[in-house]
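Undergrad: If it helps, the file is called work-v6.cif and holds mmCIF, C-alpha atoms:
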data_target
#
loop_
_atom_site.group_PDB
_atom_site.id
_atom_site.type_symbol
_atom_site.label_atom_id
_atom_site.label_comp_id
_atom_site.auth_asym_id
_atom_site.auth_seq_id
_atom_site.Cartn_x
_atom_site.Cartn_y
_atom_site.Cartn_z
ATOM 1 C CA GLU A 1 34.848 -30.188 -19.594
ATOM 2 C CA GLU A 2 38.515 -31.110 -19.551
ATOM 3 C CA GLN A 3 39.481 -34.730 -19.031
ATOM 4 C CA PRO A 4 42.173 -35.799 -16.507
ATOM 5 C CA GLY A 5 44.428 -36.765 -19.385
ATOM 6 C CA SER A 6 44.610 -33.182 -20.578
ATOM 7 C CA ARG A 7 46.653 -32.131 -17.553
ATOM 8 C CA ARG A 8 50.286 -31.404 -18.269
ATOM 9 C CA THR A 9 53.386 -30.153 -16.491
ATOM 10 C CA THR A 10 53.442 -26.364 -16.677
ATOM 11 C CA LYS A 11 56.296 -24.077 -15.662
ATOM 12 C CA ILE A 12 55.245 -21.033 -13.656
ATOM 13 C CA SER A 13 57.684 -18.105 -13.499
ATOM 14 C CA TYR A 14 57.206 -14.902 -11.557
ATOM 15 C CA ARG A 15 59.832 -12.134 -11.712
ATOM 16 C CA ARG A 16 59.900 -9.822 -8.725
ATOM 17 C CA PRO A 17 61.045 -6.188 -9.051
ATOM 18 C CA SER A 18 64.367 -7.165 -7.441
ATOM 19 C CA ASN A 19 64.917 -9.355 -10.548
ATOM 20 C CA ASP A 20 64.942 -12.635 -8.638
ATOM 21 C CA VAL A 21 62.685 -15.179 -10.289
ATOM 22 C CA LEU A 22 60.388 -17.632 -8.533
ATOM 23 C CA SER A 23 59.984 -20.673 -10.806
ATOM 24 C CA PHE A 24 58.346 -24.024 -10.241
ATOM 25 C CA SER A 25 56.637 -26.782 -12.230
ATOM 26 C CA VAL A 26 53.206 -28.183 -11.513
ATOM 27 C CA LEU A 27 50.873 -30.755 -13.027
ATOM 28 C CA CYS A 28 47.695 -28.877 -13.862
ATOM 29 C CA TYR A 29 45.046 -28.118 -16.433
ATOM 30 C CA PRO A 30 45.910 -25.155 -18.700
ATOM 31 C CA HIS A 31 43.172 -23.000 -17.169
ATOM 32 C CA GLU A 32 44.613 -23.556 -13.663
ATOM 33 C CA LYS A 33 47.885 -21.735 -14.413
ATOM 34 C CA LYS A 34 46.428 -18.342 -13.451
ATOM 35 C CA ARG A 35 45.107 -19.775 -10.195
ATOM 36 C CA ILE A 36 48.545 -20.998 -9.191
ATOM 37 C CA MET A 37 50.246 -17.729 -10.139
ATOM 38 C CA SER A 38 47.765 -15.790 -8.029
ATOM 39 C CA ALA A 39 48.992 -17.474 -4.836
ATOM 40 C CA SER A 40 52.668 -16.528 -5.083
ATOM 41 C CA LEU A 41 52.884 -13.304 -3.032
ATOM 42 C CA ARG A 42 53.908 -13.662 0.623
ATOM 43 C CA LEU A 43 54.832 -11.451 3.584
ATOM 44 C CA GLY A 44 58.282 -9.992 3.117
ATOM 45 C CA ASP A 45 58.159 -10.211 -0.682
ATOM 46 C CA VAL A 46 58.884 -7.142 -2.771
ATOM 47 C CA ALA A 47 55.513 -5.889 -3.996
ATOM 48 C CA PRO A 48 55.381 -6.090 -7.801
ATOM 49 C CA ASP A 49 55.512 -2.796 -9.665
ATOM 50 C CA PHE A 50 52.853 -2.108 -12.281
ATOM 51 C CA THR A 51 51.396 0.573 -14.503
ATOM 52 C CA ALA A 52 47.626 0.683 -14.810
ATOM 53 C CA ASP A 53 44.684 2.871 -15.732
ATOM 54 C CA SER A 54 42.828 4.394 -12.802
ATOM 55 C CA SER A 55 40.208 6.944 -11.872
ATOM 56 C CA LEU A 56 43.035 9.513 -11.764
ATOM 57 C CA GLY A 57 44.572 8.470 -15.086
ATOM 58 C CA LYS A 58 47.423 6.083 -15.763
ATOM 59 C CA ILE A 59 49.633 5.549 -12.719
ATOM 60 C CA ASN A 60 52.845 3.680 -12.011
ATOM 61 C CA PHE A 61 52.713 2.052 -8.595
ATOM 62 C CA TYR A 62 56.283 2.783 -7.475
ATOM 63 C CA GLU A 63 56.115 6.372 -8.706
ATOM 64 C CA TYR A 64 52.808 6.921 -6.931
ATOM 65 C CA GLN A 65 54.132 5.326 -3.757
ATOM 66 C CA SER A 66 57.358 7.359 -3.697
ATOM 67 C CA ASN A 67 58.644 7.181 -0.080
ATOM 68 C CA SER A 68 55.284 6.433 1.500
ATOM 69 C CA TRP A 69 53.568 3.413 2.940
ATOM 70 C CA VAL A 70 50.703 2.147 0.784
ATOM 71 C CA ILE A 71 47.450 0.343 1.416
ATOM 72 C CA LEU A 72 46.396 -1.421 -1.781
ATOM 73 C CA PHE A 73 42.901 -2.874 -1.499
ATOM 74 C CA SER A 74 40.604 -4.582 -3.984
ATOM 75 C CA HIS A 75 36.828 -4.772 -4.031
ATOM 76 C CA PRO A 76 34.469 -7.198 -5.804
ATOM 77 C CA GLY A 77 32.582 -4.688 -7.932
ATOM 78 C CA ASP A 78 31.525 -1.090 -8.496
ATOM 79 C CA PHE A 79 28.106 0.097 -7.339
ATOM 80 C CA THR A 80 27.814 -2.703 -4.768
ATOM 81 C CA PRO A 81 26.528 -1.652 -1.320
ATOM 82 C CA VAL A 82 29.362 -2.976 0.864
ATOM 83 C CA CYS A 83 32.073 -1.646 -1.456
ATOM 84 C CA THR A 84 30.396 1.754 -1.503
ATOM 85 C CA THR A 85 30.609 1.996 2.291
ATOM 86 C CA GLU A 86 34.242 0.830 2.235
ATOM 87 C CA LEU A 87 35.497 3.377 -0.282
ATOM 88 C CA GLY A 88 33.562 6.101 1.509
ATOM 89 C CA THR A 89 35.109 5.090 4.828
ATOM 90 C CA VAL A 90 38.604 5.163 3.341
ATOM 91 C CA ALA A 91 37.966 8.640 1.929
ATOM 92 C CA LYS A 92 36.958 9.912 5.379
ATOM 93 C CA LEU A 93 40.093 8.341 6.902
ATOM 94 C CA LEU A 94 42.524 9.937 4.431
ATOM 95 C CA PRO A 95 43.728 12.515 7.013
ATOM 96 C CA GLU A 96 44.547 9.653 9.410
ATOM 97 C CA PHE A 97 46.427 7.774 6.708
ATOM 98 C CA ALA A 98 48.308 10.963 5.816
ATOM 99 C CA LYS A 99 49.447 11.314 9.453
ATOM 100 C CA ARG A 100 51.047 7.893 9.032
ATOM 101 C CA ASN A 101 52.720 8.770 5.695
ATOM 102 C CA THR A 102 50.386 6.323 3.966
ATOM 103 C CA LYS A 103 48.692 6.470 0.572
ATOM 104 C CA VAL A 104 45.760 4.306 -0.495
ATOM 105 C CA ILE A 105 44.859 2.704 -3.818
ATOM 106 C CA GLY A 106 41.607 0.898 -4.599
ATOM 107 C CA LEU A 107 41.144 -1.696 -7.334
ATOM 108 C CA SER A 108 38.547 -3.731 -9.159
ATOM 109 C CA ILE A 109 38.299 -5.235 -12.638
ATOM 110 C CA ASP A 110 35.660 -2.683 -13.701
ATOM 111 C CA PRO A 111 36.531 -0.031 -16.348
ATOM 112 C CA VAL A 112 37.541 3.570 -15.666
ATOM 113 C CA ASP A 113 34.261 5.119 -16.824
ATOM 114 C CA LYS A 114 32.322 2.929 -14.411
ATOM 115 C CA HIS A 115 34.737 3.899 -11.599
ATOM 116 C CA LEU A 116 34.164 7.591 -12.295
ATOM 117 C CA ASP A 117 30.366 7.248 -12.253
ATOM 118 C CA TRP A 118 30.549 5.190 -9.085
ATOM 119 C CA ILE A 119 32.828 7.687 -7.307
ATOM 120 C CA LYS A 120 30.193 10.385 -7.894
ATOM 121 C CA ASP A 121 27.659 8.084 -6.234
ATOM 122 C CA ILE A 122 30.015 7.335 -3.319
ATOM 123 C CA ASN A 123 30.675 11.009 -2.697
ATOM 124 C CA GLU A 124 26.945 11.749 -2.662
ATOM 125 C CA THR A 125 25.700 8.801 -0.601
ATOM 126 C CA GLN A 126 28.613 8.571 1.840
ATOM 127 C CA GLN A 127 29.115 12.332 2.155
ATOM 128 C CA CYS A 128 32.822 12.172 1.376
ATOM 129 C CA ASN A 129 35.355 13.036 -1.322
ATOM 130 C CA VAL A 130 37.166 10.106 -2.944
ATOM 131 C CA THR A 131 40.456 11.649 -4.073
ATOM 132 C CA TYR A 132 42.632 8.526 -4.134
ATOM 133 C CA PRO A 133 43.042 6.412 -7.295
ATOM 134 C CA VAL A 134 40.897 3.373 -8.029
ATOM 135 C CA ILE A 135 42.616 1.051 -10.491
ATOM 136 C CA ALA A 136 40.635 -0.279 -13.451
ATOM 137 C CA ASP A 137 42.219 -3.714 -13.775
ATOM 138 C CA GLU A 138 40.185 -4.949 -16.745
ATOM 139 C CA ASP A 139 42.954 -7.242 -17.998
ATOM 140 C CA LYS A 140 43.419 -8.627 -14.455
ATOM 141 C CA ASN A 141 47.197 -8.212 -14.607
ATOM 142 C CA VAL A 142 47.457 -6.533 -11.205
ATOM 143 C CA SER A 143 44.872 -8.870 -9.687
ATOM 144 C CA LEU A 144 46.916 -11.880 -10.739
ATOM 145 C CA LEU A 145 50.206 -10.368 -9.553
ATOM 146 C CA TYR A 146 48.769 -9.781 -6.091
ATOM 147 C CA GLY A 147 46.528 -12.856 -5.805
ATOM 148 C CA MET A 148 43.319 -10.832 -5.607
ATOM 149 C CA LEU A 149 41.244 -13.340 -7.570
ATOM 150 C CA SER A 150 39.652 -16.271 -5.798
ATOM 151 C CA PRO A 151 40.577 -19.600 -7.427
ATOM 152 C CA ASN A 152 38.386 -21.604 -5.065
ATOM 153 C CA SER A 153 35.206 -19.588 -5.490
ATOM 154 C CA ALA A 154 33.949 -20.808 -8.880
ATOM 155 C CA PRO A 155 32.086 -19.576 -10.826
ATOM 156 C CA THR A 156 33.202 -16.130 -9.588
ATOM 157 C CA TYR A 157 36.868 -16.752 -10.416
ATOM 158 C CA ASP A 158 38.062 -14.361 -13.132
ATOM 159 C CA LYS A 159 34.813 -12.393 -12.708
ATOM 160 C CA MET A 160 35.562 -10.377 -9.587
ATOM 161 C CA THR A 161 38.283 -9.684 -7.060
ATOM 162 C CA VAL A 162 37.921 -10.584 -3.388
ATOM 163 C CA ARG A 163 38.402 -8.058 -0.570
ATOM 164 C CA SER A 164 42.192 -8.163 -0.428
ATOM 165 C CA VAL A 165 44.340 -5.698 1.505
ATOM 166 C CA PHE A 166 48.108 -5.255 1.224
ATOM 167 C CA ILE A 167 50.125 -2.957 3.463
ATOM 168 C CA ILE A 168 53.380 -2.138 1.693
ATOM 169 C CA ASP A 169 56.257 -0.233 3.295
ATOM 170 C CA PRO A 170 58.444 2.460 1.660
ATOM 171 C CA ASN A 171 60.962 -0.233 0.645
ATOM 172 C CA HIS A 172 58.198 -1.934 -1.388
ATOM 173 C CA LYS A 173 58.050 -4.865 1.038
ATOM 174 C CA VAL A 174 54.698 -6.538 1.701
ATOM 175 C CA ARG A 175 54.177 -6.217 5.448
ATOM 176 C CA LEU A 176 50.606 -7.422 5.894
ATOM 177 C CA ILE A 177 47.978 -9.291 3.849
ATOM 178 C CA PHE A 178 44.269 -9.440 4.664
ATOM 179 C CA THR A 179 41.672 -11.340 2.628
ATOM 180 C CA TYR A 180 37.993 -10.904 3.402
ATOM 181 C CA PRO A 181 35.060 -12.741 1.768
ATOM 182 C CA ALA A 182 32.887 -10.733 -0.594
ATOM 183 C CA ALA A 183 29.999 -10.446 1.880
ATOM 184 C CA THR A 184 32.105 -9.058 4.755
ATOM 185 C CA GLY A 185 33.078 -5.408 4.911
ATOM 186 C CA ARG A 186 36.549 -4.540 6.135
ATOM 187 C CA ASN A 187 37.547 -2.852 9.388
ATOM 188 C CA PHE A 188 39.737 0.049 8.308
ATOM 189 C CA ASP A 189 40.309 1.118 11.907
ATOM 190 C CA GLU A 190 42.215 -2.154 12.242
ATOM 191 C CA MET A 191 44.429 -1.124 9.324
ATOM 192 C CA LEU A 192 45.273 2.118 11.096
ATOM 193 C CA ARG A 193 46.098 0.101 14.213
ATOM 194 C CA VAL A 194 48.363 -2.242 12.236
ATOM 195 C CA LEU A 195 50.108 0.690 10.568
ATOM 196 C CA ASP A 196 50.802 2.183 14.000
ATOM 197 C CA ALA A 197 52.194 -1.144 15.194
ATOM 198 C CA LEU A 198 54.372 -1.717 12.131
ATOM 199 C CA GLN A 199 55.825 1.766 12.221
ATOM 200 C CA LEU A 200 56.453 1.585 15.961
ATOM 201 C CA THR A 201 58.178 -1.796 15.824
ATOM 202 C CA ASP A 202 60.273 -0.693 12.854
ATOM 203 C CA SER A 203 61.713 2.175 14.863
ATOM 204 C CA HIS A 204 61.950 0.540 18.328
ATOM 205 C CA ARG A 205 62.934 -2.906 19.576
ATOM 206 C CA VAL A 206 59.477 -3.752 20.850
ATOM 207 C CA ALA A 207 56.458 -5.850 19.961
ATOM 208 C CA THR A 208 52.770 -5.087 20.416
ATOM 209 C CA PRO A 209 50.522 -7.381 22.512
ATOM 210 C CA ALA A 210 46.991 -8.518 21.748
ATOM 211 C CA ASN A 211 44.477 -5.732 21.100
ATOM 212 C CA TRP A 212 47.228 -3.105 21.346
ATOM 213 C CA LYS A 213 46.359 0.438 20.364
ATOM 214 C CA ASN A 214 48.600 3.448 19.891
ATOM 215 C CA GLY A 215 49.654 4.713 23.322
ATOM 216 C CA ASP A 216 49.228 1.371 25.100
ATOM 217 C CA ASP A 217 52.087 -0.487 26.783
ATOM 218 C CA VAL A 218 54.314 -2.580 24.548
ATOM 219 C CA VAL A 219 56.423 -5.702 24.981
ATOM 220 C CA ILE A 220 60.214 -5.418 25.146
ATOM 221 C CA LEU A 221 61.857 -7.943 22.829
ATOM 222 C CA PRO A 222 63.739 -10.777 24.588
ATOM 223 C CA ALA A 223 66.909 -9.781 22.736
ATOM 224 C CA VAL A 224 67.005 -6.446 24.595
ATOM 225 C CA THR A 225 69.213 -6.696 27.691
ATOM 226 C CA ASN A 226 68.397 -5.177 31.086
ATOM 227 C CA ASP A 227 71.186 -2.635 30.626
ATOM 228 C CA GLU A 228 69.675 -1.495 27.360
#
If you took the structure in this file and wrote it as structure tokens, what would it be?
TA:
Amino acid sequence: EEQPGSRRTTKISYRRPSNDVLSFSVLCYPHEKKRIMSASLRLGDVAPDFTADSSLGKINFYEYQSNSWVILFSHPGDFTPVCTTELGTVAKLLPEFAKRNTKVIGLSIDPVDKHLDWIKDINETQQCNVTYPVIADEDKNVSLLYGMLSPNSAPTYDKMTVRSVFIIDPNHKVRLIFTYPAATGRNFDEMLRVLDALQLTDSHRVATPANWKNGDDVVILPAVTNDE
């Protein structure tokens, strides 16, 4: 176990795709550096680009995204019951995501061969067809870039990713971040609702009220004049 005296000032640098660099110094133990790096991504940031192995082969994030919106979501582990229902649900919702010009990417730190075996199980048990890529982030590079590991959940840190969700727009900007605990399955209908709201408010000078759904009344922004 490390002693307090072993802490030292460590410089953390994170280069975003736009080439601006976020740098800061902290007093920490050496093993805490990854924990600090994993908390750097915020709403409005440019989502980091990456190349990784996946169930569909090696993919580059920006190339896969092209001009689409993306939902990037991580899960704690392959062949786990909650994750199985989540990936099956996403597969069934692919036509709805396509209507919204949105692609999906799953991720865990399990290897490709395990992903492929698991996808067969998902397709059989959930009666679906998982055709979207599931990243095999064995080296945890993507997980660290996006803060998908849980630094405050020892001893699970560095052993599994939490249920993170990132909605990323066609300009590579992070527009929404969800983080769910491992024992709680996600509501993907809510992600469709948020996509509808984001795309609506990007194209019109409005905001969406509580519990808004597509087709409901919206709120006119205060900056819009009566004449407008």
Undergrad: Skip Thr51 of chain A itself and residues of its chain fewer than 6 positions away, then list as a VMD selection string all residues within 7 Å of it, counting only C-alpha atoms.
TA: chain A and resid 58 to 61
Undergrad: Fewer than 2 positions away in the same chain doesn't count, so skip those; otherwise give me all residues within 7 Å of segment 191-205 of chain A, counting all atoms listed in the file, as a count of residues only.
TA: 8
Undergrad: Could you give me, as a PDB file with C-alpha atoms, keeping the file's coordinate frame, the residues within 8 Å of segment 86-102 of chain A, counting only C-alpha atoms and dropping anything in the same chain fewer than 5 positions from it?
TA:
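Result file is out31.pdb:
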ATOM      1  CA  SER A  68      55.284   6.433   1.500  1.00  0.00           C
ATOM      2  CA  TRP A  69      53.568   3.413   2.940  1.00  0.00           C
ATOM      3  CA  VAL A  70      50.703   2.147   0.784  1.00  0.00           C
ATOM      4  CA  ILE A  71      47.450   0.343   1.416  1.00  0.00           C
ATOM      5  CA  ILE A 122      30.015   7.335  -3.319  1.00  0.00           C
ATOM      6  CA  ASN A 123      30.675  11.009  -2.697  1.00  0.00           C
ATOM      7  CA  GLN A 126      28.613   8.571   1.840  1.00  0.00           C
ATOM      8  CA  GLN A 127      29.115  12.332   2.155  1.00  0.00           C
ATOM      9  CA  CYS A 128      32.822  12.172   1.376  1.00  0.00           C
ATOM     10  CA  ASN A 129      35.355  13.036  -1.322  1.00  0.00           C
ATOM     11  CA  VAL A 130      37.166  10.106  -2.944  1.00  0.00           C
ATOM     12  CA  THR A 131      40.456  11.649  -4.073  1.00  0.00           C
ATOM     13  CA  TYR A 132      42.632   8.526  -4.134  1.00  0.00           C
ATOM     14  CA  GLY A 185      33.078  -5.408   4.911  1.00  0.00           C
ATOM     15  CA  ARG A 186      36.549  -4.540   6.135  1.00  0.00           C
ATOM     16  CA  PHE A 188      39.737   0.049   8.308  1.00  0.00           C
ATOM     17  CA  LEU A 192      45.273   2.118  11.096  1.00  0.00           C
ATOM     18  CA  LEU A 195      50.108   0.690  10.568  1.00  0.00           C
ATOM     19  CA  ASP A 196      50.802   2.183  14.000  1.00  0.00           C
TER      20      ASP A 196
END
Undergrad: Could you check the closest approach to Asn187 of chain A for each of A:Leu144, A:Val206, A:Val82, A:Ala136 and tell me which residue wins, using all atoms listed in the file?
TA: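 Closest to Asn187 of chain A of all the choices is A:Val82.
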Undergrad: Any idea what the distance is between atom CA of Ala183 of chain A and atom CA of Trp118 of chain A?
TA: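 Going from atom CA of Ala183 of chain A over to atom CA of Trp118 of chain A covers 19.1 Å.
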Undergrad: Which of these, A:Ile168, A:Leu107, A:Ile135, A:Leu145, has the shortest distance to Pro48 of chain A once you count only C-alpha atoms?
TA: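 Going through A:Ile168, A:Leu107, A:Ile135, A:Leu145 one by one, the smallest distance to Pro48 of chain A is for A:Leu145.
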Undergrad: Counting only C-alpha atoms, which residue out of A:Glu190, A:Asp45, A:Glu63, A:Asp53 sits closest to Lys103 of chain A?
TA: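 Selected residue with least distance to Lys103 of chain A: A:Glu63.
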Undergrad: Pick the closest to Ala52 of chain A from A:Arg175, A:His75, A:Lys140, A:Lys114: which is it, counting all atoms listed in the file?
TA: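 With all atoms listed in the file as the atom set, the closest residue is A:Lys140.
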Undergrad: Of the candidates A:Val165, A:Val134, A:Ala182, A:Ala47, which shows the shortest atom-to-atom distance to Ile109 of chain A, using all atoms listed in the file?
TA: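 Closest to Ile109 of chain A of all the choices is A:Val134.
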Undergrad: Hey, can you check how far atom CA of Asn141 of chain A sits from atom CA of Leu72 of chain A?
TA: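 Distance reported for this atom pair: 14.5 Å.
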Undergrad: Would you compute the distance between atom CA of Ser66 of chain A and atom CA of Asp49 of chain A? Give it in Å to one decimal.
TA: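 Distance between the two atoms: 11.9 Å.
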Undergrad: Check the smallest atom-to-atom distance from each of A:Gln65, A:Thr85, A:Ala223, A:His172 to Ile119 of chain A using only C-alpha atoms, then report the winner.
TA: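 Among the listed residues, A:Thr85 lies closest to Ile119 of chain A.
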Undergrad: Might you spell out which residues the PyMOL selection byres ((chain A and resi 55) around 7) would select in the displayed file, as a VMD selection string?
TA: chain A and resid 54 56 to 57 112 115 to 116 133 to 135
Undergrad: Could you write out that same residue set with C-alpha atoms as a PDB file, in the frame of the given file?
TA:
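Written file, out23.pdb:
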ATOM      1  CA  SER A  54      42.828   4.394 -12.802  1.00  0.00           C
ATOM      2  CA  LEU A  56      43.035   9.513 -11.764  1.00  0.00           C
ATOM      3  CA  GLY A  57      44.572   8.470 -15.086  1.00  0.00           C
ATOM      4  CA  VAL A 112      37.541   3.570 -15.666  1.00  0.00           C
ATOM      5  CA  HIS A 115      34.737   3.899 -11.599  1.00  0.00           C
ATOM      6  CA  LEU A 116      34.164   7.591 -12.295  1.00  0.00           C
ATOM      7  CA  PRO A 133      43.042   6.412  -7.295  1.00  0.00           C
ATOM      8  CA  VAL A 134      40.897   3.373  -8.029  1.00  0.00           C
ATOM      9  CA  ILE A 135      42.616   1.051 -10.491  1.00  0.00           C
TER      10      ILE A 135
END
